[in-house]
>>> print(open('query_21.tsv').read())   # TSV, C-alpha atoms
chain	number	residue	atom	x	y	z
A	1	MET	CA	-27.23	72.13	-22.01
A	2	ARG	CA	-28.75	73.81	-18.97
A	3	THR	CA	-29.18	70.49	-17.25
A	4	SER	CA	-25.58	69.55	-17.79
A	5	HIS	CA	-24.41	72.95	-16.77
A	6	CYS	CA	-26.38	72.73	-13.52
A	7	ILE	CA	-24.93	69.29	-12.69
A	8	ILE	CA	-21.38	70.48	-13.18
A	9	ARG	CA	-21.95	73.53	-11.09
A	10	SER	CA	-23.43	71.47	-8.27
A	11	PHE	CA	-20.06	69.67	-7.79
A	12	SER	CA	-17.19	71.29	-5.99
A	13	PRO	CA	-13.71	70.47	-7.38
A	14	LYS	CA	-13.11	68.04	-4.47
A	15	ARG	CA	-16.36	66.20	-5.04
A	16	LEU	CA	-15.66	66.01	-8.77
A	17	ILE	CA	-12.33	64.30	-8.14
A	18	ILE	CA	-13.99	61.77	-5.79
A	19	PHE	CA	-16.74	61.11	-8.37
A	20	VAL	CA	-14.22	60.48	-11.17
A	21	ALA	CA	-12.09	58.22	-8.93
A	22	ALA	CA	-15.13	56.23	-7.83
A	23	SER	CA	-16.33	55.80	-11.40
A	24	THR	CA	-12.89	54.63	-12.49
A	25	LEU	CA	-12.73	52.14	-9.60
A	26	ILE	CA	-16.16	50.71	-10.43
A	27	TYR	CA	-15.16	50.36	-14.09
A	28	MET	CA	-11.96	48.52	-13.17
A	29	MET	CA	-13.82	46.14	-10.87
A	30	LEU	CA	-16.37	45.34	-13.57
A	31	LEU	CA	-13.58	44.77	-16.08
A	32	ARG	CA	-11.67	42.47	-13.67
A	33	ASN	CA	-14.82	40.49	-12.89
A	34	SER	CA	-15.43	40.00	-16.59
A	35	THR	CA	-11.84	38.82	-17.09
A	36	LEU	CA	-12.11	36.35	-14.18
A	37	ASN	CA	-15.32	34.93	-15.60
A	38	ASP	CA	-13.60	34.42	-18.95
A	39	GLU	CA	-10.67	32.69	-17.24
A	40	ARG	CA	-13.05	30.45	-15.28
A	41	ARG	CA	-14.81	29.51	-18.50
A	42	ILE	CA	-11.45	28.66	-20.11
A	43	VAL	CA	-10.37	26.56	-17.11
A	44	ALA	CA	-13.75	24.81	-17.02
A	45	THR	CA	-13.45	24.02	-20.69
A	46	GLU	CA	-9.91	22.66	-20.24
A	47	GLU	CA	-11.03	20.53	-17.29
A	48	GLN	CA	-13.97	19.24	-19.31
A	49	VAL	CA	-11.65	18.30	-22.19
A	50	ARG	CA	-9.22	16.66	-19.77
A	51	SER	CA	-12.03	14.79	-18.06
A	52	GLU	CA	-13.43	13.58	-21.38
A	53	SER	CA	-9.93	12.49	-22.45
A	54	GLU	CA	-9.47	10.55	-19.22
A	55	ILE	CA	-12.85	8.89	-19.65
A	56	VAL	CA	-11.91	7.84	-23.18
A	57	GLN	CA	-8.55	6.47	-22.00
A	58	GLN	CA	-10.21	4.65	-19.11
A	59	ALA	CA	-12.71	3.13	-21.49
A	60	LYS	CA	-9.84	1.94	-23.71
A	61	ASN	CA	-8.09	0.40	-20.69
A	62	ASN	CA	-11.29	-1.30	-19.63
A	63	VAL	CA	-11.79	-2.70	-23.12
A	64	VAL	CA	-8.22	-4.08	-23.15
A	65	VAL	CA	-8.68	-5.76	-19.77
A	66	ALA	CA	-12.14	-7.02	-20.68
A	67	GLU	CA	-10.89	-8.48	-23.96
A	68	ARG	CA	-8.02	-10.15	-22.15
A	69	ALA	CA	-10.36	-11.48	-19.45
A	70	ARG	CA	-12.49	-13.27	-22.06
A	71	ASP	CA	-9.50	-15.49	-22.90
A	72	ILE	CA	-8.58	-16.21	-19.28
A	73	LYS	CA	-9.61	-19.56	-17.88
A	74	ASP	CA	-7.39	-19.75	-14.82
A	75	PRO	CA	-9.36	-18.48	-11.78
A	76	VAL	CA	-6.30	-16.77	-10.28
A	77	GLU	CA	-5.66	-14.72	-13.42
A	78	LEU	CA	-9.38	-13.95	-13.65
A	79	GLU	CA	-9.27	-12.54	-10.12
A	80	ILE	CA	-6.22	-10.43	-11.00
A	81	ALA	CA	-7.98	-9.14	-14.14
A	82	ARG	CA	-11.06	-8.29	-12.08
A	83	GLN	CA	-8.97	-6.34	-9.58
A	84	THR	CA	-7.18	-4.61	-12.44
A	85	LEU	CA	-10.53	-3.47	-13.85
A	86	THR	CA	-11.55	-2.23	-10.40
A	87	PHE	CA	-8.23	-0.42	-10.04
A	88	LEU	CA	-8.66	1.32	-13.42
A	89	ASN	CA	-12.12	2.51	-12.39
A	90	MET	CA	-10.96	4.01	-9.10
A	91	GLU	CA	-10.81	7.76	-8.67
A	92	ASP	CA	-7.60	9.55	-9.53
A	93	ALA	CA	-5.10	8.84	-6.78
A	94	VAL	CA	-3.68	12.37	-6.98
A	95	THR	CA	-5.13	13.85	-3.81
A	96	LYS	CA	-3.94	16.16	-1.10
A	97	PRO	CA	-0.88	14.65	0.60
A	98	LYS	CA	-1.75	12.97	3.88
A	99	PRO	CA	-0.16	14.41	7.00
A	100	PRO	CA	2.60	12.23	8.47
A	101	VAL	CA	1.42	9.68	11.00
A	102	LYS	CA	3.24	9.58	14.30
A	103	VAL	CA	4.02	5.97	15.10
A	104	ALA	CA	6.93	6.11	17.57
A	105	GLN	CA	6.07	4.99	21.07
A	106	GLU	CA	7.21	6.80	24.20
A	107	ASP	CA	10.54	4.99	24.17
A	108	GLY	CA	11.04	5.78	20.48
A	109	SER	CA	10.46	2.21	19.31
A	110	CYS	CA	8.13	1.23	16.49
A	111	PRO	CA	4.82	-0.39	17.48
A	112	VAL	CA	4.06	-4.03	16.71
A	113	VAL	CA	2.68	-4.50	13.20
A	114	GLU	CA	-0.86	-5.03	14.46
A	115	LYS	CA	-0.88	-1.51	15.96
A	116	ILE	CA	0.68	0.46	13.10
A	117	PRO	CA	-1.93	3.06	12.04
A	118	ASP	CA	-1.09	3.59	8.36
A	119	LEU	CA	-1.30	0.08	6.96
A	120	GLN	CA	-3.54	-0.17	3.90
A	121	GLY	CA	-5.11	-3.58	4.42
A	122	ALA	CA	-6.16	-5.35	1.22
A	123	LEU	CA	-3.71	-4.63	-1.62
A	124	PRO	CA	-4.60	-4.23	-5.33
A	125	GLN	CA	-3.14	-7.12	-7.29
A	126	ALA	CA	-3.25	-5.35	-10.65
A	127	VAL	CA	0.51	-4.76	-10.67
A	128	LEU	CA	1.06	-8.50	-10.93
A	129	LEU	CA	0.20	-8.18	-14.63
A	130	ILE	CA	3.24	-5.97	-15.22
A	131	GLN	CA	5.94	-7.68	-17.28
A	132	ASN	CA	9.68	-7.04	-17.71
A	133	LEU	CA	10.15	-4.68	-14.76
A	134	LYS	CA	13.87	-3.90	-14.62
A	135	GLU	CA	16.13	-3.47	-11.57
A	136	GLU	CA	17.02	0.09	-12.54
A	137	GLU	CA	13.32	0.95	-12.62
A	138	ILE	CA	12.93	-0.33	-9.06
A	139	HIS	CA	15.90	1.78	-8.00
A	140	ALA	CA	14.34	4.84	-9.64
A	141	ILE	CA	11.03	4.21	-7.85
A	142	HIS	CA	12.71	3.52	-4.48
A	143	PRO	CA	15.87	5.66	-4.30
A	144	GLU	CA	15.79	5.38	-0.51
A	145	ILE	CA	16.78	1.71	-0.64
A	146	GLY	CA	20.40	1.16	0.33
A	147	PRO	CA	23.01	-1.38	-0.80
A	148	GLY	CA	21.83	-4.97	-0.65
A	149	GLY	CA	18.20	-3.84	-0.77
A	150	SER	CA	18.41	-2.52	2.79
A	151	TRP	CA	16.20	0.03	4.55
A	152	LYS	CA	15.16	1.00	8.07
A	153	PRO	CA	12.58	3.48	9.37
A	154	ASP	CA	13.56	6.99	10.40
A	155	ASP	CA	10.42	7.82	12.39
A	156	CYS	CA	10.91	5.13	15.04
A	157	GLN	CA	13.38	2.47	16.18
A	158	ALA	CA	12.65	-0.79	14.35
A	159	ARG	CA	11.80	-3.70	16.63
A	160	ASP	CA	13.17	-6.32	14.24
A	161	LYS	CA	16.10	-6.60	11.86
A	162	ILE	CA	15.11	-9.12	9.21
A	163	ALA	CA	16.47	-10.67	6.02
A	164	ILE	CA	14.15	-11.65	3.18
A	165	ILE	CA	15.75	-14.71	1.55
A	166	ILE	CA	14.55	-15.40	-1.99
A	167	PRO	CA	15.70	-18.66	-3.65
A	168	TYR	CA	15.95	-17.92	-7.34
A	169	ARG	CA	16.51	-19.48	-10.74
A	170	ASP	CA	15.57	-18.20	-14.21
A	171	ARG	CA	12.55	-16.07	-13.20
A	172	GLN	CA	13.79	-12.51	-13.46
A	173	THR	CA	10.35	-11.05	-14.20
A	174	HIS	CA	8.98	-12.62	-10.99
A	175	LEU	CA	11.94	-11.47	-8.92
A	176	THR	CA	11.80	-7.80	-9.85
A	177	ARG	CA	8.03	-7.66	-9.40
A	178	LEU	CA	8.27	-9.31	-5.98
A	179	ILE	CA	10.95	-6.95	-4.66
A	180	ASP	CA	9.07	-3.91	-5.96
A	181	PHE	CA	5.86	-5.25	-4.37
A	182	LEU	CA	7.40	-6.06	-0.97
A	183	ILE	CA	9.37	-2.85	-0.39
A	184	PRO	CA	6.40	-0.56	0.50
A	185	ILE	CA	4.81	-3.30	2.63
A	186	LEU	CA	7.97	-3.78	4.69
A	187	GLN	CA	8.38	-0.01	4.96
A	188	ARG	CA	4.85	0.50	6.25
A	189	GLN	CA	5.45	-2.27	8.79
A	190	ARG	CA	8.51	-0.25	9.97
A	191	LEU	CA	10.96	-3.13	9.62
A	192	ASP	CA	14.73	-2.93	9.33
A	193	PHE	CA	15.09	-5.19	6.29
A	194	ARG	CA	17.41	-6.32	3.52
A	195	PHE	CA	16.99	-8.73	0.59
A	196	ILE	CA	19.18	-11.78	-0.01
A	197	VAL	CA	18.66	-13.36	-3.42
A	198	THR	CA	20.26	-16.81	-3.35
A	199	GLU	CA	21.00	-18.44	-6.70
A	200	GLN	CA	22.55	-21.79	-7.54
A	201	TYR	CA	25.55	-21.73	-9.84
A	202	GLY	CA	25.29	-23.61	-13.14
A	203	ASP	CA	22.45	-25.54	-14.75
A	204	ASP	CA	22.50	-28.71	-12.66
A	205	LEU	CA	19.48	-29.97	-10.73
A	206	PHE	CA	18.11	-27.29	-8.42
A	207	ASN	CA	18.70	-27.82	-4.69
A	208	LYS	CA	16.56	-25.24	-2.94
A	209	GLY	CA	17.45	-26.43	0.57
A	210	ARG	CA	21.19	-25.98	0.05
A	211	ILE	CA	21.01	-22.46	-1.31
A	212	MET	CA	18.61	-21.39	1.48
A	213	ASN	CA	21.04	-22.78	4.07
A	214	ALA	CA	23.86	-20.86	2.39
A	215	ALA	CA	21.78	-17.67	2.46
A	216	PHE	CA	21.06	-18.23	6.17
A	217	LEU	CA	24.80	-18.38	6.92
A	218	PHE	CA	25.23	-15.09	5.08
A	219	ALA	CA	22.29	-13.56	7.01
A	220	GLU	CA	24.00	-14.51	10.28
A	221	LYS	CA	26.98	-12.38	9.28
A	222	LEU	CA	24.63	-9.42	8.80
A	223	GLY	CA	23.44	-9.71	12.40
A	224	VAL	CA	19.72	-10.08	11.66
A	225	ASP	CA	17.18	-11.26	14.24
A	226	CYS	CA	15.24	-13.55	11.91
A	227	VAL	CA	14.91	-14.63	8.30
A	228	VAL	CA	11.90	-14.87	6.00
A	229	PHE	CA	12.24	-17.50	3.27
A	230	HIS	CA	10.14	-16.19	0.40
A	231	ASP	CA	9.31	-17.99	-2.85
A	232	VAL	CA	9.69	-15.68	-5.84
A	233	ASP	CA	6.12	-16.24	-7.07
A	234	MET	CA	4.28	-15.47	-3.78
A	235	PHE	CA	2.62	-12.05	-3.46
A	236	PRO	CA	0.78	-11.02	-0.25
A	237	GLN	CA	-2.78	-9.74	-0.68
A	238	ASP	CA	-2.82	-7.73	2.57
A	239	ASP	CA	-0.12	-5.69	4.32
A	240	ARG	CA	-1.47	-6.60	7.77
A	241	ASN	CA	0.20	-10.00	7.46
A	242	PRO	CA	3.22	-9.42	9.75
A	243	TYR	CA	6.73	-9.95	8.36
A	244	SER	CA	8.20	-9.17	11.77
A	245	CYS	CA	10.21	-11.72	13.76
A	246	PRO	CA	7.92	-14.37	15.26
A	247	PRO	CA	8.21	-15.97	18.72
A	248	GLY	CA	8.11	-19.35	16.93
A	249	PRO	CA	8.18	-20.52	13.29
A	250	ARG	CA	5.50	-18.60	11.39
A	251	HIS	CA	4.11	-19.95	8.13
A	252	LEU	CA	3.09	-16.70	6.43
A	253	GLY	CA	2.22	-18.33	3.11
A	254	ALA	CA	-0.42	-20.68	4.46
A	255	PHE	CA	-3.39	-19.54	2.37
A	256	VAL	CA	-2.54	-19.45	-1.33
A	257	SER	CA	-4.72	-18.73	-4.35
A	258	ASN	CA	-3.82	-21.82	-6.37
A	259	LEU	CA	-4.62	-24.04	-3.35
A	260	GLY	CA	-8.04	-22.49	-2.85
A	261	TYR	CA	-6.78	-20.66	0.26
A	262	GLN	CA	-6.95	-23.96	2.14
A	263	LEU	CA	-4.44	-25.48	4.55
A	264	TRP	CA	-4.03	-29.00	3.17
A	265	TYR	CA	-1.92	-30.63	5.90
A	266	LYS	CA	-0.41	-29.66	9.23
A	267	GLU	CA	3.31	-29.80	8.33
A	268	ILE	CA	3.05	-27.53	5.30
A	269	VAL	CA	5.40	-24.54	5.59
A	270	GLY	CA	6.15	-23.77	1.92
A	271	GLY	CA	5.84	-20.45	0.13
A	272	VAL	CA	6.77	-17.98	2.86
A	273	LEU	CA	8.26	-18.97	6.22
A	274	ALA	CA	9.55	-16.64	8.97
A	275	VAL	CA	11.84	-18.12	11.61
A	276	SER	CA	14.22	-16.75	14.21
A	277	MET	CA	17.94	-17.44	13.94
A	278	ALA	CA	17.87	-19.60	17.09
A	279	ASP	CA	14.92	-21.71	15.91
A	280	TYR	CA	16.53	-22.26	12.52
A	281	ARG	CA	19.65	-23.51	14.21
A	282	ALA	CA	17.59	-25.73	16.51
A	283	VAL	CA	15.92	-27.56	13.60
A	284	ASN	CA	19.29	-27.74	11.77
A	285	GLY	CA	18.00	-25.77	8.79
A	286	TYR	CA	16.70	-27.28	5.57
A	287	SER	CA	17.73	-30.69	4.33
A	288	ASN	CA	20.47	-30.69	1.68
A	289	GLN	CA	19.24	-33.98	0.21
A	290	PHE	CA	16.30	-32.81	-1.94
A	291	TRP	CA	17.00	-32.08	-5.60
A	292	ALA	CA	14.79	-30.64	-8.36
A	293	TRP	CA	11.57	-29.20	-6.85
A	294	GLY	CA	9.58	-30.27	-3.84
A	295	GLY	CA	10.24	-32.12	-0.61
A	296	GLU	CA	12.44	-29.73	1.34
A	297	ASP	CA	9.51	-27.63	2.60
A	298	ASP	CA	7.54	-30.60	3.97
A	299	ASP	CA	10.71	-31.96	5.54
A	300	MET	CA	11.21	-28.59	7.27
A	301	GLY	CA	7.65	-28.75	8.62
A	302	GLN	CA	8.34	-32.19	10.05
A	303	ARG	CA	11.57	-30.96	11.64
A	304	ILE	CA	9.71	-28.10	13.32
A	305	LEU	CA	6.94	-30.36	14.66
A	306	SER	CA	9.45	-32.97	15.85
A	307	LEU	CA	10.79	-30.41	18.35
A	308	ASN	CA	7.25	-29.79	19.63
A	309	TYR	CA	7.22	-26.31	18.13
A	310	THR	CA	3.89	-24.85	17.10
A	311	ILE	CA	3.70	-23.61	13.51
A	312	GLU	CA	2.11	-20.19	13.76
A	313	ARG	CA	-0.15	-19.14	10.91
A	314	PRO	CA	-1.77	-15.79	10.06
A	315	ASN	CA	-5.41	-14.78	10.01
A	316	PRO	CA	-7.03	-16.58	7.03
A	317	GLU	CA	-8.51	-13.28	5.84
A	318	THR	CA	-5.37	-11.13	5.98
A	319	GLY	CA	-2.81	-13.89	5.36
A	320	ARG	CA	-3.72	-14.65	1.74
A	321	TYR	CA	-1.23	-14.83	-1.12
A	322	SER	CA	-1.48	-14.75	-4.90
A	323	MET	CA	0.81	-17.23	-6.65
A	324	LEU	CA	1.99	-16.35	-10.14
A	325	LYS	CA	1.75	-19.06	-12.77
A	326	HIS	CA	4.96	-20.64	-13.98
A	327	VAL	CA	6.13	-23.82	-15.68
A	328	LYS	CA	7.24	-26.30	-13.04
A	329	ARG	CA	10.29	-28.46	-13.66
A	330	LYS	CA	9.79	-32.18	-13.70
A	331	ARG	CA	10.85	-34.02	-10.56
A	332	THR	CA	13.73	-35.91	-12.18
A	333	ALA	CA	15.55	-36.79	-8.96
A	334	PRO	CA	13.36	-36.02	-5.95
A	335	LYS	CA	15.80	-37.26	-3.33
A	336	LEU	CA	19.46	-38.13	-3.52
A	337	MET	CA	21.19	-39.54	-0.44
>>> encode(input="query_21.tsv", output="C-alpha cells")
Amino acid sequence: MRTSHCIIRSFSPKRLIIFVAASTLIYMMLLRNSTLNDERRIVATEEQVRSESEIVQQAKNNVVVAERARDIKDPVELEIARQTLTFLNMEDAVTKPKPPVKVAQEDGSCPVVEKIPDLQGALPQAVLLIQNLKEEEIHAIHPEIGPGGSWKPDDCQARDKIAIIIPYRDRQTHLTRLIDFLIPILQRQRLDFRFIVTEQYGDDLFNKGRIMNAAFLFAEKLGVDCVVFHDVDMFPQDDRNPYSCPPGPRHLGAFVSNLGYQLWYKEIVGGVLAVSMADYRAVNGYSNQFWAWGGEDDDMGQRILSLNYTIERPNPETGRYSMLKHVKRKRTAPKLM
C-alpha cells in the first residue's frame, strides 16, 4: 500500500490527467491495430477463396476446350482452340484503366493507321467460337454506334469516311460475329465508318456481283470516300491491317487461313477488298453475269489489272485473316450471259 500511495502522491493532478489520456490513447491504438489485422486476415481469406474458385473455373474451361480440341481435325479450328486456351490462361483483364492516348495531330486530324499509338496488334481469335450472338447484344455492347452501324471518332478528325459492304445470305451467326469483331478495330483505327449489309431478295441463285453493285450505289448516296467489300466469314487477325481508303485497289484479304496464308495467283482480290469510289467507277464495278458462288472476284481482279492498276496487298504478317467454316453451295450455274 505504501508503494501505491507514494506513486499517487508523486503525480500532480495535471500529470495524472496526461497519464490517463496517454494510457487510453495507447489502448485504443492497440485495439485498432488488432481490428485491422483481423480485417486483413478476413480479406486475405476471401481473396484466397476467390482465387481458388477462379483456378477451379479456369481448369474447367481448359478441360472443355481440351476435350473439344481432341475432336478437331481442321487446322484452322485447331488454331482457334489453341488461342482460346491461351486466352483462358491469361491474367485477369481487370486492371487499372489506361490513360487516354492523344492521337490528334496539330491540325486536329487523325494520324494514318500506321502511326496510331493504341492499336493492339495480333488479336485473340477465341471469340470466333461464340455462337448465336444477337443484334441486340451487339447494341448493348456498343451503345455508341449510331443508325446504320455508323460511328466516327471524337478525339480527332477522321481522314476517311468509309462503308463496309457485307454481301449476305443465310449466315446470321457469321454476320453478327463479324460486325461485333470489326467495330473495335475500326474505332481504334479512327475511321468514320458505317455498315451496309446487302442481301438478295428471294431464294433464287445468288448473284454476289449484283448486290455488291447495288450496295455501292447506296454508298455513293452516303457520301463516303471508299468502300470495303467484306465477306461475312473473314476475320482479321491483326488490327494493324489498315481499313482506311487506299490510293489504289487494296486486297486486304490476301492471306487467309484456309489457303495456307499463300497468295495463289496475281488477280485474286476475294475476301476483303478496299477501293475508292473513283476506282470502282473506272473498272465499272463487279460483273452482273456470275451466279451461284465464285467468278466475280477473279473477274474484278482482271478488270483492275486491265487498267494497269497495281493491286496493293498488306504485310503478310499483319494482313492475315481467319476464315470461318461453312457449307458452300454447289456451282449450279457459274455464268449466265
>>> residues_around(input="query_21.tsv", residues="range 130-132 of chain A", least_positions_apart="2", cutoff="12 Å", atoms="all atoms listed in the file", output="PyMOL selection string")
chain A and resi 80-81+84+125-128+134-138+171-178+180-181+324
>>> atom_distance(input="query_21.tsv", atom1="CA of Gln120 in chain A", atom2="CA of Met323 in chain A")
20.5 Å
>>> residues_around(input="query_21.tsv", residues="Met212 in chain A", least_positions_apart="6", cutoff="8 Å", atoms="only C-alpha atoms", output="list in words")
Ile165, Pro167, Thr198, Phe229 and Tyr286 of chain A
>>> write_last_selection(input="query_21.tsv", atoms="C-alpha atoms", output="compact mmCIF listing (two decimals), in the frame of the given file")
# COMPACT_ATOMS: atom_id res chain seq x y z
CA ILE A 165 15.75 -14.71 1.55
CA PRO A 167 15.70 -18.66 -3.65
CA THR A 198 20.26 -16.81 -3.35
CA PHE A 229 12.24 -17.50 3.27
CA TYR A 286 16.70 -27.28 5.57
>>> axis_aligned_box(input="query_21.tsv", around="range 137-151 of chain A", padding_each_side="6 Å", output="lines of an AutoDock Vina configuration file")
center_x = 17.0
center_y = 0.3
center_z = -4.0
size_x = 24.0
size_y = 22.6
size_z = 29.2
>>> atom_distance(input="query_21.tsv", atom1="CA of Gly146 in chain A", atom2="CA of Val272 in chain A")
23.6 Å
>>> closest_atom_pairs(input="query_21.tsv", of="range 119-146 of chain A", to="range 240-243 of chain A", cutoff="10 Å", atoms="only C-alpha atoms", output="CSV")
residue,atom,partner,partner_atom,distance
A:Leu119,CA,A:Arg240,CA,6.7
A:Gln120,CA,A:Arg240,CA,7.8
A:Gly121,CA,A:Arg240,CA,5.8
A:Ala122,CA,A:Arg240,CA,8.2
A:Leu123,CA,A:Arg240,CA,9.9
>>> residues_around(input="query_21.tsv", residues="Phe193 in chain A", least_positions_apart="4", cutoff="10 Å", atoms="all atoms listed in the file", output="list of chain:residue names")
A:Ile145, A:Gly148, A:Gly149, A:Ser150, A:Trp151, A:Lys152, A:Pro153, A:Ala158, A:Asp160, A:Lys161, A:Ile162, A:Ala163, A:Ile164, A:Ile183, A:Leu186, A:Gln187, A:Val224, A:Val227, A:Tyr243, A:Ser244
>>> closest_residue(input="query_21.tsv", among="A:Cys156, A:Val101, A:Leu133, A:Leu222", to="Phe195 in chain A", atoms="all atoms listed in the file")
A:Leu222
>>> atom_distance(input="query_21.tsv", atom1="CA of Gly108 in chain A", atom2="CA of Cys245 in chain A")
18.8 Å
>>> residues_around(input="query_21.tsv", residues="Pro316 in chain A", least_positions_apart="4", cutoff="10 Å", atoms="only C-alpha atoms", output="NGL selection string")
:A and (241 or 254-256 or 261-263 or 320)
>>> closest_residue(input="query_21.tsv", among="A:Leu129, A:Cys110, A:Leu252, A:Met277", to="Lys325 in chain A", atoms="all atoms listed in the file")
A:Leu129
>>> closest_residue(input="query_21.tsv", among="A:Gln189, A:Gln105, A:Ser257, A:Thr310", to="Ser322 in chain A", atoms="all atoms listed in the file")
A:Ser257
>>> residues_near_point(input="query_21.tsv", point="(21.4, -28.6, -6.3)", cutoff="12 Å", atoms="only C-alpha atoms", output="number ranges by chain")
A: 167, 169, 199-214, 287-293, 296, 333-336
>>> closest_residue(input="query_21.tsv", among="A:Gly295, A:His230, A:Val197, A:Glu144", to="Leu182 in chain A", atoms="all atoms listed in the file")
A:His230
>>> closest_residue(input="query_21.tsv", among="A:Glu220, A:Asp225, A:Asp279, A:Glu317", to="Ile304 in chain A", atoms="all atoms listed in the file")
A:Asp279
